[in-house]
Amino acid sequence: MNAVDDGLTAKLTMRARQAGFVQSCSLAVGRLLSALAASKPEGSFLELGTGAGLGTAHIRNGMTSGASLVSVERDSALSRIAVQEVADPRIAYVVADGAEWLATQRAAAGHYDLVFADTWPGKFDHLDQALALVAPGGLYVIDDLSPQATWPTGHQARVDALTARLEAMDGWRTFRTDDATGVMICTRFPGL
């Protein structure tokens with residue numbers, strides 16, 4: 001299967017809008033997530049910011065039978081949509097504040113082959129905790145790096161500081177593109 005079913009994509013998009021959520025990942029980012037998940041057979045994945053489950057559905061699309069995904073969302077109504085529409089025994093849905101959840105994850109350090117940070121915790125704050133969860137050879141992925149009409153005043157400076165910090169990290173390799181909504185992929189160099 002190359003793509004998430006168009007019917008599921010439409011349903012998730014519609015249900016997200018009905019819930020007042022307009023920040024689902026773009027379809028291009030979703031396809032990227034699917035490909036990245038497929039590159040980690042039997043991988044362990046983490047999504048920070050489930051939303052209504054569009055990114056989750058794309059990650060699931062790339063998962064092998066032995067792979068697993070933990071998806072964290074603070075809004076229980078949004079998480080419930082994802083649980084209903086993207087049900088899968090390989091996915092553990094967690095309803096929690098991302099910052100609080102990250103603070104409890106020390107035992108999982110170096111555990112995840114892919115971390116997709118699609119919310120502020122793990123991206124603009126608690127970044128070190130999120131990066132610590134990436135396994136050697138694993139991927140840290142963020143999106144929404146290109147200017148958007150919904151950005152609060154001064155947000156561009158936050159994005160610039162974040163991407164500069166990620167590009168300067170020792171032991172990591174980074175790639176950034178302004179395609180889609182602006183995406184950055186960071187790979188923890190194996191052995192470091």
# chains A, B, ... in the order shown; residues from 1 in each chain; ligands from 1
$ select_by_dssp --residues "stretch 85-166 of chain A" --states "strand (DSSP E)" --output "list of chain:residue names"
A:Ile91, A:Ala92, A:Tyr93, A:Val94, A:Val95, A:Tyr112, A:Asp113, A:Leu114, A:Val115, A:Phe116, A:Ala117, A:Val134, A:Ala135, A:Pro136, A:Gly137, A:Gly138, A:Leu139, A:Tyr140, A:Val141, A:Ile142
$ select_by_dssp --residues "stretch 16-191 of chain A" --states "helix (DSSP H, G or I)" --output "PyMOL selection string"
chain A and resi 16-18+27-38+54-62+76-85+98-103+106-108+127-132+155-167
$ residues_around --residues "A:Ala92" --least-positions-apart "2" --cutoff "12 Å" --atoms "only C-alpha atoms" --output "number ranges by chain"
A: 44-47, 50, 56, 60, 67-73, 79, 82-83, 86-90, 94-95
$ write_last_selection --atoms "N, CA, C and O atoms" --output "short mmCIF file (atom, residue, chain, number, x, y, z; two decimals), in the first residue's frame"
data_model
loop_
_atom_site.label_atom_id
_atom_site.label_comp_id
_atom_site.auth_asym_id
_atom_site.auth_seq_id
_atom_site.Cartn_x
_atom_site.Cartn_y
_atom_site.Cartn_z
N SER A 44 10.16 1.11 16.50
CA SER A 44 9.42 1.68 17.62
C SER A 44 9.31 3.18 17.34
O SER A 44 10.32 3.86 17.19
N PHE A 45 8.07 3.68 17.27
CA PHE A 45 7.82 5.05 16.84
C PHE A 45 7.09 5.85 17.92
O PHE A 45 6.32 5.29 18.70
N LEU A 46 7.33 7.15 17.91
CA LEU A 46 6.67 8.07 18.85
C LEU A 46 6.15 9.26 18.07
O LEU A 46 6.88 9.87 17.29
N GLU A 47 4.90 9.60 18.32
CA GLU A 47 4.29 10.80 17.74
C GLU A 47 3.85 11.70 18.90
O GLU A 47 3.07 11.27 19.75
N THR A 50 -0.97 13.85 18.52
CA THR A 50 -1.80 12.98 17.68
C THR A 50 -2.76 13.79 16.82
O THR A 50 -3.01 13.44 15.67
N THR A 56 -0.85 9.94 12.40
CA THR A 56 -0.86 8.58 12.95
C THR A 56 -1.19 7.58 11.84
O THR A 56 -0.53 6.54 11.72
N ARG A 60 1.23 4.62 10.59
CA ARG A 60 0.74 3.24 10.58
C ARG A 60 0.88 2.62 9.19
O ARG A 60 1.22 1.44 9.05
N ALA A 67 6.10 -3.62 14.27
CA ALA A 67 6.39 -2.25 14.68
C ALA A 67 5.37 -1.79 15.72
O ALA A 67 4.30 -2.38 15.87
N SER A 68 5.71 -0.72 16.43
CA SER A 68 4.80 -0.16 17.43
C SER A 68 4.88 1.36 17.39
O SER A 68 5.90 1.94 17.00
N LEU A 69 3.78 2.00 17.79
CA LEU A 69 3.68 3.45 17.81
C LEU A 69 3.03 3.89 19.10
O LEU A 69 1.99 3.35 19.49
N VAL A 70 3.64 4.85 19.78
CA VAL A 70 3.03 5.55 20.90
C VAL A 70 2.67 6.94 20.39
O VAL A 70 3.53 7.64 19.85
N SER A 71 1.41 7.33 20.55
CA SER A 71 0.96 8.63 20.08
C SER A 71 0.34 9.40 21.25
O SER A 71 -0.60 8.94 21.88
N VAL A 72 0.92 10.58 21.52
CA VAL A 72 0.55 11.36 22.70
C VAL A 72 -0.22 12.61 22.28
O VAL A 72 0.24 13.37 21.43
N GLU A 73 -1.38 12.82 22.89
CA GLU A 73 -2.23 13.98 22.61
C GLU A 73 -2.87 14.47 23.91
O GLU A 73 -3.39 13.66 24.67
N SER A 79 -7.95 12.83 20.58
CA SER A 79 -7.39 11.49 20.70
C SER A 79 -8.47 10.44 20.45
O SER A 79 -8.22 9.42 19.79
N ALA A 82 -8.92 9.78 16.80
CA ALA A 82 -7.85 8.92 16.29
C ALA A 82 -8.06 7.47 16.69
O ALA A 82 -7.90 6.55 15.87
N VAL A 83 -8.43 7.25 17.94
CA VAL A 83 -8.68 5.88 18.42
C VAL A 83 -9.79 5.23 17.61
O VAL A 83 -9.69 4.06 17.21
N VAL A 86 -8.39 5.23 13.59
CA VAL A 86 -7.09 4.62 13.29
C VAL A 86 -6.78 3.57 14.36
O VAL A 86 -5.72 3.56 14.98
N ALA A 87 -7.75 2.71 14.60
CA ALA A 87 -7.59 1.66 15.60
C ALA A 87 -6.61 0.61 15.08
O ALA A 87 -6.67 0.20 13.93
N ASP A 88 -5.69 0.23 15.94
CA ASP A 88 -4.68 -0.76 15.56
C ASP A 88 -4.00 -1.22 16.85
O ASP A 88 -3.59 -0.39 17.66
N PRO A 89 -3.88 -2.52 17.06
CA PRO A 89 -3.25 -3.00 18.29
C PRO A 89 -1.77 -2.60 18.42
O PRO A 89 -1.21 -2.66 19.52
N ARG A 90 -1.15 -2.18 17.33
CA ARG A 90 0.25 -1.76 17.39
C ARG A 90 0.40 -0.33 17.88
O ARG A 90 1.51 0.14 18.10
N VAL A 94 -1.99 7.75 24.08
CA VAL A 94 -1.81 8.30 25.42
C VAL A 94 -2.43 9.69 25.45
O VAL A 94 -2.09 10.54 24.62
N VAL A 95 -3.35 9.90 26.38
CA VAL A 95 -3.92 11.23 26.58
C VAL A 95 -3.16 11.86 27.74
O VAL A 95 -3.29 11.43 28.89
#
$ closest_residue --among "A:Gly182, A:Pro190, A:Gly171, A:Gly154" --to "A:Pro136" --atoms "only C-alpha atoms"
A:Pro190
$ closest_residue --among "A:Pro121, A:Gly7, A:Gly53, A:Gly43" --to "A:Val134" --atoms "only C-alpha atoms"
A:Gly43
$ closest_residue --among "A:Val4, A:Ile81, A:Met169, A:Leu139" --to "A:Phe116" --atoms "only C-alpha atoms"
A:Leu139
$ atom_distance --atom1 "atom CA of A:Gln23" --atom2 "atom CA of A:Ala161"
21.7 Å
$ atom_distance --atom1 "atom CA of A:Thr9" --atom2 "atom CA of A:Glu42"
24.5 Å
$ atom_distance --atom1 "atom CA of A:His126" --atom2 "atom CA of A:Val22"
23.5 Å
